[in-house]
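Trainee: Next comes the structure file start-v7.pdb, holding PDB, C-alpha atoms.
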ATOM      1  CA  MET A   1      78.801 -29.120  28.817  1.00  0.00           C
ATOM      2  CA  ALA A   2      81.773 -30.813  30.432  1.00  0.00           C
ATOM      3  CA  HIS A   3      80.488 -33.292  32.975  1.00  0.00           C
ATOM      4  CA  THR A   4      82.563 -34.457  35.870  1.00  0.00           C
ATOM      5  CA  VAL A   5      80.698 -37.775  35.872  1.00  0.00           C
ATOM      6  CA  PRO A   6      81.037 -40.240  32.982  1.00  0.00           C
ATOM      7  CA  ARG A   7      78.291 -40.357  30.369  1.00  0.00           C
ATOM      8  CA  VAL A   8      78.195 -44.157  30.482  1.00  0.00           C
ATOM      9  CA  SER A   9      78.420 -46.511  33.459  1.00  0.00           C
ATOM     10  CA  ILE A  10      78.258 -50.290  33.325  1.00  0.00           C
ATOM     11  CA  GLN A  11      77.949 -51.502  36.888  1.00  0.00           C
ATOM     12  CA  THR A  12      76.649 -54.245  39.152  1.00  0.00           C
ATOM     13  CA  GLU A  13      75.399 -51.725  41.736  1.00  0.00           C
ATOM     14  CA  ASP A  14      71.953 -50.165  41.733  1.00  0.00           C
ATOM     15  CA  PHE A  15      71.469 -46.497  40.799  1.00  0.00           C
ATOM     16  CA  ASN A  16      69.392 -43.612  42.129  1.00  0.00           C
ATOM     17  CA  LEU A  17      67.512 -41.791  39.380  1.00  0.00           C
ATOM     18  CA  GLY A  18      66.997 -38.666  41.492  1.00  0.00           C
ATOM     19  CA  VAL A  19      70.688 -38.302  42.224  1.00  0.00           C
ATOM     20  CA  GLU A  20      71.588 -38.935  38.570  1.00  0.00           C
ATOM     21  CA  ILE A  21      69.118 -36.319  37.322  1.00  0.00           C
ATOM     22  CA  ALA A  22      70.327 -33.724  39.815  1.00  0.00           C
ATOM     23  CA  THR A  23      73.903 -34.342  38.668  1.00  0.00           C
ATOM     24  CA  LEU A  24      72.948 -34.194  34.994  1.00  0.00           C
ATOM     25  CA  ARG A  25      71.061 -30.915  35.452  1.00  0.00           C
ATOM     26  CA  ALA A  26      74.217 -29.563  37.077  1.00  0.00           C
ATOM     27  CA  GLN A  27      72.453 -26.380  38.127  1.00  0.00           C
ATOM     28  CA  ASP A  28      72.505 -25.366  34.472  1.00  0.00           C
ATOM     29  CA  GLY A  29      70.012 -22.559  33.904  1.00  0.00           C
ATOM     30  CA  ARG A  30      69.610 -23.453  30.234  1.00  0.00           C
ATOM     31  CA  VAL A  31      67.954 -26.763  31.110  1.00  0.00           C
ATOM     32  CA  GLY A  32      64.190 -26.629  30.814  1.00  0.00           C
ATOM     33  CA  ALA A  33      63.462 -30.330  30.325  1.00  0.00           C
ATOM     34  CA  VAL A  34      64.722 -33.605  31.743  1.00  0.00           C
ATOM     35  CA  CYS A  35      63.473 -36.849  30.294  1.00  0.00           C
ATOM     36  CA  SER A  36      64.396 -40.207  31.779  1.00  0.00           C
ATOM     37  CA  PHE A  37      63.656 -43.861  31.201  1.00  0.00           C
ATOM     38  CA  VAL A  38      64.215 -46.705  33.666  1.00  0.00           C
ATOM     39  CA  GLY A  39      63.966 -50.347  32.619  1.00  0.00           C
ATOM     40  CA  THR A  40      63.230 -52.898  35.351  1.00  0.00           C
ATOM     41  CA  VAL A  41      63.236 -56.692  35.689  1.00  0.00           C
ATOM     42  CA  ARG A  42      59.793 -58.241  35.350  1.00  0.00           C
ATOM     43  CA  ASP A  43      58.786 -61.389  37.231  1.00  0.00           C
ATOM     44  CA  ARG A  44      56.988 -62.851  34.236  1.00  0.00           C
ATOM     45  CA  THR A  45      57.129 -63.828  30.596  1.00  0.00           C
ATOM     46  CA  SER A  46      54.031 -64.549  28.505  1.00  0.00           C
ATOM     47  CA  GLY A  47      52.006 -63.048  31.362  1.00  0.00           C
ATOM     48  CA  ILE A  48      52.849 -65.841  33.811  1.00  0.00           C
ATOM     49  CA  ALA A  49      53.864 -64.315  37.169  1.00  0.00           C
ATOM     50  CA  GLY A  50      56.822 -65.946  38.908  1.00  0.00           C
ATOM     51  CA  GLN A  51      58.192 -67.313  35.643  1.00  0.00           C
ATOM     52  CA  ILE A  52      61.364 -65.239  35.957  1.00  0.00           C
ATOM     53  CA  GLN A  53      63.195 -66.094  39.167  1.00  0.00           C
ATOM     54  CA  SER A  54      66.318 -64.089  38.399  1.00  0.00           C
ATOM     55  CA  MET A  55      68.157 -62.605  35.449  1.00  0.00           C
ATOM     56  CA  GLU A  56      71.860 -62.711  34.589  1.00  0.00           C
ATOM     57  CA  LEU A  57      73.225 -59.954  32.364  1.00  0.00           C
ATOM     58  CA  GLU A  58      76.397 -60.590  30.379  1.00  0.00           C
ATOM     59  CA  HIS A  59      78.202 -57.871  28.433  1.00  0.00           C
ATOM     60  CA  TYR A  60      81.237 -57.301  26.225  1.00  0.00           C
ATOM     61  CA  THR A  61      83.538 -55.192  28.383  1.00  0.00           C
ATOM     62  CA  GLY A  62      84.988 -52.315  26.408  1.00  0.00           C
ATOM     63  CA  MET A  63      82.745 -52.590  23.381  1.00  0.00           C
ATOM     64  CA  THR A  64      79.666 -51.923  25.508  1.00  0.00           C
ATOM     65  CA  GLU A  65      81.029 -48.621  26.790  1.00  0.00           C
ATOM     66  CA  LYS A  66      82.349 -47.615  23.351  1.00  0.00           C
ATOM     67  CA  SER A  67      79.100 -48.416  21.570  1.00  0.00           C
ATOM     68  CA  ILE A  68      76.946 -46.453  24.026  1.00  0.00           C
ATOM     69  CA  GLU A  69      79.375 -43.503  23.898  1.00  0.00           C
ATOM     70  CA  ALA A  70      78.921 -43.530  20.113  1.00  0.00           C
ATOM     71  CA  MET A  71      75.133 -43.611  20.546  1.00  0.00           C
ATOM     72  CA  ILE A  72      75.279 -40.560  22.822  1.00  0.00           C
ATOM     73  CA  ASP A  73      77.424 -38.778  20.211  1.00  0.00           C
ATOM     74  CA  ALA A  74      74.774 -39.666  17.614  1.00  0.00           C
ATOM     75  CA  ALA A  75      72.031 -38.303  19.910  1.00  0.00           C
ATOM     76  CA  HIS A  76      73.924 -35.027  20.305  1.00  0.00           C
ATOM     77  CA  ALA A  77      74.338 -34.772  16.530  1.00  0.00           C
ATOM     78  CA  ARG A  78      70.657 -35.430  15.918  1.00  0.00           C
ATOM     79  CA  PHE A  79      68.918 -33.589  18.765  1.00  0.00           C
ATOM     80  CA  ASP A  80      69.418 -30.246  20.471  1.00  0.00           C
ATOM     81  CA  ILE A  81      70.249 -31.664  23.897  1.00  0.00           C
ATOM     82  CA  PHE A  82      72.621 -30.534  26.652  1.00  0.00           C
ATOM     83  CA  GLY A  83      73.546 -33.766  28.385  1.00  0.00           C
ATOM     84  CA  ALA A  84      72.848 -37.482  28.426  1.00  0.00           C
ATOM     85  CA  ARG A  85      73.644 -40.206  30.926  1.00  0.00           C
ATOM     86  CA  VAL A  86      73.279 -43.972  30.524  1.00  0.00           C
ATOM     87  CA  ILE A  87      73.647 -46.522  33.310  1.00  0.00           C
ATOM     88  CA  HIS A  88      73.278 -50.237  32.606  1.00  0.00           C
ATOM     89  CA  ARG A  89      73.578 -52.900  35.271  1.00  0.00           C
ATOM     90  CA  VAL A  90      75.202 -56.290  34.695  1.00  0.00           C
ATOM     91  CA  GLY A  91      75.511 -59.472  36.721  1.00  0.00           C
ATOM     92  CA  LEU A  92      72.750 -61.172  38.678  1.00  0.00           C
ATOM     93  CA  LEU A  93      69.489 -59.222  39.023  1.00  0.00           C
ATOM     94  CA  GLN A  94      66.197 -60.061  40.706  1.00  0.00           C
ATOM     95  CA  PRO A  95      62.611 -59.288  39.663  1.00  0.00           C
ATOM     96  CA  LEU A  96      61.761 -55.626  40.409  1.00  0.00           C
ATOM     97  CA  ASP A  97      65.429 -54.590  40.198  1.00  0.00           C
ATOM     98  CA  GLN A  98      66.344 -51.633  38.011  1.00  0.00           C
ATOM     99  CA  ILE A  99      68.352 -52.639  34.913  1.00  0.00           C
ATOM    100  CA  VAL A 100      68.916 -49.565  32.799  1.00  0.00           C
ATOM    101  CA  MET A 101      68.580 -45.802  32.987  1.00  0.00           C
ATOM    102  CA  VAL A 102      68.721 -43.158  30.269  1.00  0.00           C
ATOM    103  CA  ALA A 103      68.395 -39.472  31.175  1.00  0.00           C
ATOM    104  CA  VAL A 104      68.607 -36.492  28.837  1.00  0.00           C
ATOM    105  CA  THR A 105      68.433 -32.714  29.342  1.00  0.00           C
ATOM    106  CA  SER A 106      67.407 -30.038  26.855  1.00  0.00           C
ATOM    107  CA  ALA A 107      65.829 -26.597  26.713  1.00  0.00           C
ATOM    108  CA  HIS A 108      62.393 -27.905  25.716  1.00  0.00           C
ATOM    109  CA  ARG A 109      60.669 -31.237  26.185  1.00  0.00           C
ATOM    110  CA  GLY A 110      60.504 -32.392  22.567  1.00  0.00           C
ATOM    111  CA  GLU A 111      64.245 -32.860  22.159  1.00  0.00           C
ATOM    112  CA  SER A 112      64.600 -34.713  25.504  1.00  0.00           C
ATOM    113  CA  PHE A 113      61.681 -37.047  24.813  1.00  0.00           C
ATOM    114  CA  ALA A 114      62.998 -37.883  21.353  1.00  0.00           C
ATOM    115  CA  ALA A 115      66.640 -38.297  22.397  1.00  0.00           C
ATOM    116  CA  CYS A 116      65.703 -40.537  25.339  1.00  0.00           C
ATOM    117  CA  GLU A 117      63.653 -42.841  23.117  1.00  0.00           C
ATOM    118  CA  PHE A 118      66.345 -42.781  20.419  1.00  0.00           C
ATOM    119  CA  LEU A 119      69.020 -43.839  22.923  1.00  0.00           C
ATOM    120  CA  MET A 120      66.905 -46.689  24.294  1.00  0.00           C
ATOM    121  CA  ASP A 121      65.942 -47.912  20.815  1.00  0.00           C
ATOM    122  CA  TYR A 122      69.592 -47.780  19.788  1.00  0.00           C
ATOM    123  CA  LEU A 123      70.828 -49.520  22.927  1.00  0.00           C
ATOM    124  CA  LYS A 124      68.311 -52.371  22.620  1.00  0.00           C
ATOM    125  CA  THR A 125      69.691 -53.588  19.296  1.00  0.00           C
ATOM    126  CA  GLN A 126      73.289 -52.284  19.172  1.00  0.00           C
ATOM    127  CA  ALA A 127      74.820 -52.504  22.656  1.00  0.00           C
ATOM    128  CA  PRO A 128      76.397 -55.897  23.420  1.00  0.00           C
ATOM    129  CA  PHE A 129      74.390 -57.153  26.408  1.00  0.00           C
ATOM    130  CA  TRP A 130      72.744 -60.545  26.750  1.00  0.00           C
ATOM    131  CA  LYS A 131      70.037 -61.555  29.224  1.00  0.00           C
ATOM    132  CA  LYS A 132      69.650 -65.029  30.636  1.00  0.00           C
ATOM    133  CA  GLU A 133      66.505 -65.759  32.615  1.00  0.00           C
ATOM    134  CA  GLN A 134      66.290 -68.321  35.366  1.00  0.00           C
ATOM    135  CA  THR A 135      62.846 -69.948  35.153  1.00  0.00           C
ATOM    136  CA  PRO A 136      61.221 -72.943  36.891  1.00  0.00           C
ATOM    137  CA  GLU A 137      62.076 -74.921  33.708  1.00  0.00           C
ATOM    138  CA  GLY A 138      65.739 -73.915  33.833  1.00  0.00           C
ATOM    139  CA  ALA A 139      67.944 -71.156  32.473  1.00  0.00           C
ATOM    140  CA  LYS A 140      67.084 -69.623  29.113  1.00  0.00           C
ATOM    141  CA  TRP A 141      68.798 -66.996  26.974  1.00  0.00           C
ATOM    142  CA  VAL A 142      66.339 -64.255  26.051  1.00  0.00           C
ATOM    143  CA  ASP A 143      65.510 -64.034  22.322  1.00  0.00           C
ATOM    144  CA  ALA A 144      65.898 -60.750  20.464  1.00  0.00           C
ATOM    145  CA  ARG A 145      62.613 -59.121  19.473  1.00  0.00           C
ATOM    146  CA  VAL A 146      61.837 -58.170  15.896  1.00  0.00           C
ATOM    147  CA  SER A 147      59.894 -55.187  17.296  1.00  0.00           C
ATOM    148  CA  ASP A 148      63.166 -53.784  18.683  1.00  0.00           C
ATOM    149  CA  ASP A 149      64.669 -53.714  15.178  1.00  0.00           C
ATOM    150  CA  ALA A 150      61.511 -51.943  13.976  1.00  0.00           C
ATOM    151  CA  ALA A 151      61.843 -49.376  16.784  1.00  0.00           C
ATOM    152  CA  LEU A 152      65.317 -48.402  15.580  1.00  0.00           C
ATOM    153  CA  ALA A 153      64.207 -48.409  11.941  1.00  0.00           C
ATOM    154  CA  LYS A 154      61.811 -45.557  12.626  1.00  0.00           C
ATOM    155  CA  TRP A 155      64.892 -43.353  13.235  1.00  0.00           C
ATOM    156  CA  GLY A 156      66.185 -44.318   9.813  1.00  0.00           C
ATOM    157  CA  ILE A 157      68.793 -46.756  11.161  1.00  0.00           C
ATOM    158  CA  ALA A 158      68.861 -50.385  10.044  1.00  0.00           C
ATOM    159  CA  ALA A 159      69.262 -52.743  12.996  1.00  0.00           C
ATOM    160  CA  ALA A 160      69.076 -56.330  11.701  1.00  0.00           C
ATOM    161  CA  ASN A 161      69.896 -57.561  15.202  1.00  0.00           C
ATOM    162  CA  GLY A 162      67.866 -60.756  15.040  1.00  0.00           C
ATOM    163  CA  ASN A 163      68.429 -61.640  11.376  1.00  0.00           C
ATOM    164  CA  ALA A 164      69.785 -65.025  10.415  1.00  0.00           C
ATOM    165  CA  THR A 165      73.176 -64.717   8.753  1.00  0.00           C
TER     166      THR A 165
ATOM    167  CA  MET B   1      97.575 -63.592  10.196  1.00  0.00           C
ATOM    168  CA  LYS B   2      96.676 -63.955  13.818  1.00  0.00           C
ATOM    169  CA  VAL B   3      93.400 -62.822  15.395  1.00  0.00           C
ATOM    170  CA  ARG B   4      92.059 -62.859  18.936  1.00  0.00           C
ATOM    171  CA  ILE B   5      88.510 -64.223  19.045  1.00  0.00           C
ATOM    172  CA  LYS B   6      85.937 -63.667  21.776  1.00  0.00           C
ATOM    173  CA  TYR B   7      82.647 -65.510  22.232  1.00  0.00           C
ATOM    174  CA  PHE B   8      79.652 -64.330  24.212  1.00  0.00           C
ATOM    175  CA  ALA B   9      76.414 -65.619  25.727  1.00  0.00           C
ATOM    176  CA  SER B  10      74.970 -68.804  24.152  1.00  0.00           C
ATOM    177  CA  ILE B  11      77.862 -69.018  21.670  1.00  0.00           C
ATOM    178  CA  ARG B  12      80.424 -68.780  24.508  1.00  0.00           C
ATOM    179  CA  GLU B  13      78.615 -71.571  26.347  1.00  0.00           C
ATOM    180  CA  ALA B  14      78.421 -73.773  23.251  1.00  0.00           C
ATOM    181  CA  ILE B  15      82.112 -73.319  22.423  1.00  0.00           C
ATOM    182  CA  GLY B  16      83.074 -73.832  26.040  1.00  0.00           C
ATOM    183  CA  GLN B  17      85.537 -70.970  26.318  1.00  0.00           C
ATOM    184  CA  PRO B  18      85.367 -67.174  26.334  1.00  0.00           C
ATOM    185  CA  GLY B  19      87.973 -66.778  23.609  1.00  0.00           C
ATOM    186  CA  GLU B  20      91.085 -67.952  21.822  1.00  0.00           C
ATOM    187  CA  THR B  21      93.851 -66.780  19.526  1.00  0.00           C
ATOM    188  CA  ARG B  22      93.883 -68.332  16.069  1.00  0.00           C
ATOM    189  CA  GLU B  23      96.075 -68.307  13.019  1.00  0.00           C
ATOM    190  CA  THR B  24      93.864 -67.780   9.978  1.00  0.00           C
ATOM    191  CA  GLN B  25      93.983 -67.483   6.190  1.00  0.00           C
ATOM    192  CA  ALA B  26      90.577 -65.768   6.129  1.00  0.00           C
ATOM    193  CA  GLY B  27      90.296 -62.442   4.338  1.00  0.00           C
ATOM    194  CA  THR B  28      86.891 -61.457   5.713  1.00  0.00           C
ATOM    195  CA  LEU B  29      84.797 -62.031   8.817  1.00  0.00           C
ATOM    196  CA  ALA B  30      82.565 -64.357   6.772  1.00  0.00           C
ATOM    197  CA  ALA B  31      85.605 -66.430   5.755  1.00  0.00           C
ATOM    198  CA  LEU B  32      86.749 -66.641   9.377  1.00  0.00           C
ATOM    199  CA  ARG B  33      83.305 -67.851  10.400  1.00  0.00           C
ATOM    200  CA  ASP B  34      83.367 -70.459   7.618  1.00  0.00           C
ATOM    201  CA  GLU B  35      86.854 -71.550   8.685  1.00  0.00           C
ATOM    202  CA  LEU B  36      85.582 -72.117  12.232  1.00  0.00           C
ATOM    203  CA  ILE B  37      82.517 -73.987  10.944  1.00  0.00           C
ATOM    204  CA  SER B  38      84.872 -76.224   8.915  1.00  0.00           C
ATOM    205  CA  ALA B  39      86.799 -77.008  12.095  1.00  0.00           C
ATOM    206  CA  GLY B  40      83.773 -79.051  13.201  1.00  0.00           C
ATOM    207  CA  GLU B  41      82.164 -79.127  16.622  1.00  0.00           C
ATOM    208  CA  PRO B  42      81.608 -77.231  18.779  1.00  0.00           C
ATOM    209  CA  TYR B  43      81.901 -74.421  16.199  1.00  0.00           C
ATOM    210  CA  ALA B  44      79.904 -75.976  13.378  1.00  0.00           C
ATOM    211  CA  HIS B  45      76.577 -75.981  15.157  1.00  0.00           C
ATOM    212  CA  CYS B  46      76.577 -72.677  17.004  1.00  0.00           C
ATOM    213  CA  LEU B  47      78.049 -70.646  14.104  1.00  0.00           C
ATOM    214  CA  ALA B  48      76.130 -72.541  11.394  1.00  0.00           C
ATOM    215  CA  ARG B  49      74.817 -70.605   8.402  1.00  0.00           C
ATOM    216  CA  GLY B  50      71.183 -69.668   8.877  1.00  0.00           C
ATOM    217  CA  ARG B  51      71.604 -68.940  12.574  1.00  0.00           C
ATOM    218  CA  ALA B  52      71.513 -65.391  13.901  1.00  0.00           C
ATOM    219  CA  VAL B  53      75.188 -64.700  14.565  1.00  0.00           C
ATOM    220  CA  ARG B  54      76.526 -61.178  14.943  1.00  0.00           C
ATOM    221  CA  MET B  55      80.128 -60.111  14.695  1.00  0.00           C
ATOM    222  CA  ALA B  56      82.335 -57.292  15.862  1.00  0.00           C
ATOM    223  CA  GLN B  57      85.845 -56.341  14.790  1.00  0.00           C
ATOM    224  CA  ASN B  58      87.935 -54.311  17.226  1.00  0.00           C
ATOM    225  CA  GLN B  59      84.810 -53.735  19.322  1.00  0.00           C
ATOM    226  CA  VAL B  60      82.684 -52.284  16.507  1.00  0.00           C
ATOM    227  CA  MET B  61      79.671 -54.134  15.056  1.00  0.00           C
ATOM    228  CA  SER B  62      80.762 -55.346  11.632  1.00  0.00           C
ATOM    229  CA  GLU B  63      79.226 -56.802   8.534  1.00  0.00           C
ATOM    230  CA  GLU B  64      80.493 -60.217   7.493  1.00  0.00           C
ATOM    231  CA  THR B  65      81.844 -58.706   4.292  1.00  0.00           C
ATOM    232  CA  ALA B  66      84.335 -56.595   6.295  1.00  0.00           C
ATOM    233  CA  ALA B  67      88.009 -57.332   5.631  1.00  0.00           C
ATOM    234  CA  LEU B  68      89.805 -59.042   8.477  1.00  0.00           C
ATOM    235  CA  VAL B  69      92.531 -56.873  10.018  1.00  0.00           C
ATOM    236  CA  ASP B  70      95.761 -58.521  11.213  1.00  0.00           C
ATOM    237  CA  GLY B  71      95.886 -58.710  15.003  1.00  0.00           C
ATOM    238  CA  ALA B  72      92.224 -57.732  15.323  1.00  0.00           C
ATOM    239  CA  GLU B  73      89.931 -58.610  18.185  1.00  0.00           C
ATOM    240  CA  ILE B  74      86.985 -60.437  16.625  1.00  0.00           C
ATOM    241  CA  ALA B  75      83.813 -61.328  18.500  1.00  0.00           C
ATOM    242  CA  PHE B  76      80.996 -63.752  17.690  1.00  0.00           C
ATOM    243  CA  PHE B  77      77.743 -63.449  19.606  1.00  0.00           C
ATOM    244  CA  PRO B  78      73.983 -63.958  19.319  1.00  0.00           C
ATOM    245  CA  PRO B  79      71.578 -61.016  18.805  1.00  0.00           C
ATOM    246  CA  VAL B  80      71.910 -58.577  21.693  1.00  0.00           C
ATOM    247  CA  THR B  81      69.165 -58.375  24.327  1.00  0.00           C
ATOM    248  CA  GLY B  82      70.068 -55.568  26.729  1.00  0.00           C
ATOM    249  CA  GLY B  83      67.986 -52.658  27.948  1.00  0.00           C
TER     250      GLY B  83
END
Represent the structure from my file as structure tokens, please.

Mentor:
Amino acid sequence: MAHTVPRVSIQTEDFNLGVEIATLRAQDGRVGAVCSFVGTVRDRTSGIAGQIQSMELEHYTGMTEKSIEAMIDAAHARFDIFGARVIHRVGLLQPLDQIVMVAVTSAHRGESFAACEFLMDYLKTQAPFWKKEQTPEGAKWVDARVSDDAALAKWGIAAANGNAT
Amino acid sequence: MKVRIKYFASIREAIGQPGETRETQAGTLAALRDELISAGEPYAHCLARGRAVRMAQNQVMSEETAALVDGAEIAFFPPVTGG
């Protein structure tokens, strides 16, 4: 299961899902399922097109990589998967740009589907990234969603990301 | 003890710097936050009780009740919004 590529990449550059999947499969004959998720920048909030002109992503260098590595370890402990790869972009992004990618391999689809969703749910509330949207009314930090905490809770993990303290 | 503090996103903007090193008497993350709030603006508003402020110690998400470790890297930031 040793991969020559890192499991986690935080980068300004775009990524190619096809290339990443081919690398993750690594011509491993045990792999019978690949599940991937790609998150992209929308051009709208509250259904109003053109509301998001650009998006700036800030992150906590070091902690981001460590926290996602720990999430991948947790996914391996919980699901029967072979490999997982997470790429998250930072810096200035435009509507339609790709932001994040999670890809997972396993013998059968159930474990890949579950692990991919688990990793995204985990990342949404536990990885230190912050989005700032540029709108016609000015720049605005994106608020955390209560629904993201609920998504992680269904895996039995308390998130409390948006709670007042 | 001495701690290195980092600020991110809206809290970084409000405080006007990405980080600082501080001498502190605080025994927990909560006490450090209260010490900063007591220092007045710009800390008082953006770290105020009742706001959603998250903390990390040595790059691991931490509860406020966690004991402060000498020489630690502490971070204050708003709820995360990646993905």

Trainee: For the file shown, report as a list in words the outcome of the PyMOL selection byres ((chain B) within 9 of (chain A)) at residue level.

Mentor: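 After applying the PyMOL selection byres ((chain B) within 9 of (chain A)), what remains is Phe8, Ala9, Ser10, Ala48, Arg49, Gly50, Arg51, Ala52, Val53, Arg54, Ala56, Asn58, Gln59, Val60, Met61, Glu64, Phe77, Pro78, Pro79, Val80, Thr81, Gly82 and Gly83 of chain B.
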
Trainee: Identify which of the residues A:Ser9, A:Thr23, A:Gln94, A:Ser36 lies closest to Phe113 (chain A), counting all atoms listed in the file when measuring atom-to-atom distances.

Mentor: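 When distances to Phe113 (chain A) are compared using all atoms listed in the file, the smallest one comes from A:Ser36.
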
Trainee: Here's the selection I'm unsure about, the PyMOL selection byres ((chain A and resi 155) around 12); applied to the file above, which residues does it give, as a list in words?

Mentor: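 In the shown coordinates, the PyMOL selection byres ((chain A and resi 155) around 12) covers Ala74, Ala75, Arg78, Phe79, Ala114, Ala115, Glu117, Phe118, Leu119, Met120, Asp121, Tyr122, Asp148, Asp149, Ala150, Ala151, Leu152, Ala153, Lys154, Gly156, Ile157, Ala158 and Ala159 of chain A.
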
Trainee: Here's the selection I'm unsure about, the PyMOL selection byres ((chain B and resi 6) around 9); applied to the file above, which residues does it give, as a JSON list (two decimals) with C-alpha atoms, keeping the file's coordinate frame?

Mentor:
[["chain", "number", "residue", "atom", "x", "y", "z"],
["B", 4, "ARG", "CA", 92.06, -62.86, 18.94],
["B", 5, "ILE", "CA", 88.51, -64.22, 19.05],
["B", 7, "TYR", "CA", 82.65, -65.51, 22.23],
["B", 8, "PHE", "CA", 79.65, -64.33, 24.21],
["B", 12, "ARG", "CA", 80.42, -68.78, 24.51],
["B", 17, "GLN", "CA", 85.54, -70.97, 26.32],
["B", 18, "PRO", "CA", 85.37, -67.17, 26.33],
["B", 19, "GLY", "CA", 87.97, -66.78, 23.61],
["B", 20, "GLU", "CA", 91.08, -67.95, 21.82],
["B", 21, "THR", "CA", 93.85, -66.78, 19.53],
["B", 73, "GLU", "CA", 89.93, -58.61, 18.18],
["B", 74, "ILE", "CA", 86.98, -60.44, 16.62],
["B", 75, "ALA", "CA", 83.81, -61.33, 18.50],
["B", 76, "PHE", "CA", 81.00, -63.75, 17.69],
["B", 77, "PHE", "CA", 77.74, -63.45, 19.61]]

Trainee: One number please: CA of Arg109 (chain A) to CA of Asn16 (chain A), in Å, one decimal.

Mentor: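 Separation of CA of Arg109 (chain A) and CA of Asn16 (chain A): 22.0 Å.
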
Trainee: If I take CA of Ile15 (chain B) and CA of Val146 (chain A), how far is one from the other in Å, to one decimal?

Mentor: 26.1 Å

Trainee: What is the distance between CA of Asp28 (chain A) and CA of Gln11 (chain A), in Å to one decimal?

Mentor: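 These two atoms are separated by 26.8 Å.
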
Trainee: Counting only C-alpha atoms, which residue out of B:Asp34, B:Leu47, B:Thr28, B:Glu41 sits closest to Ser62 (chain B)?

Mentor: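 When distances to Ser62 (chain B) are compared using only C-alpha atoms, the smallest one comes from B:Thr28.
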
Trainee: For Ala139 (chain A), list every protein, DNA or RNA residue within 12 Å, evaluated using all atoms listed in the file, and leave out those in the same chain fewer than 4 positions away; present the list as a PyMOL selection string.

Mentor: (chain A and resi 51-56+131-135) or (chain B and resi 10)
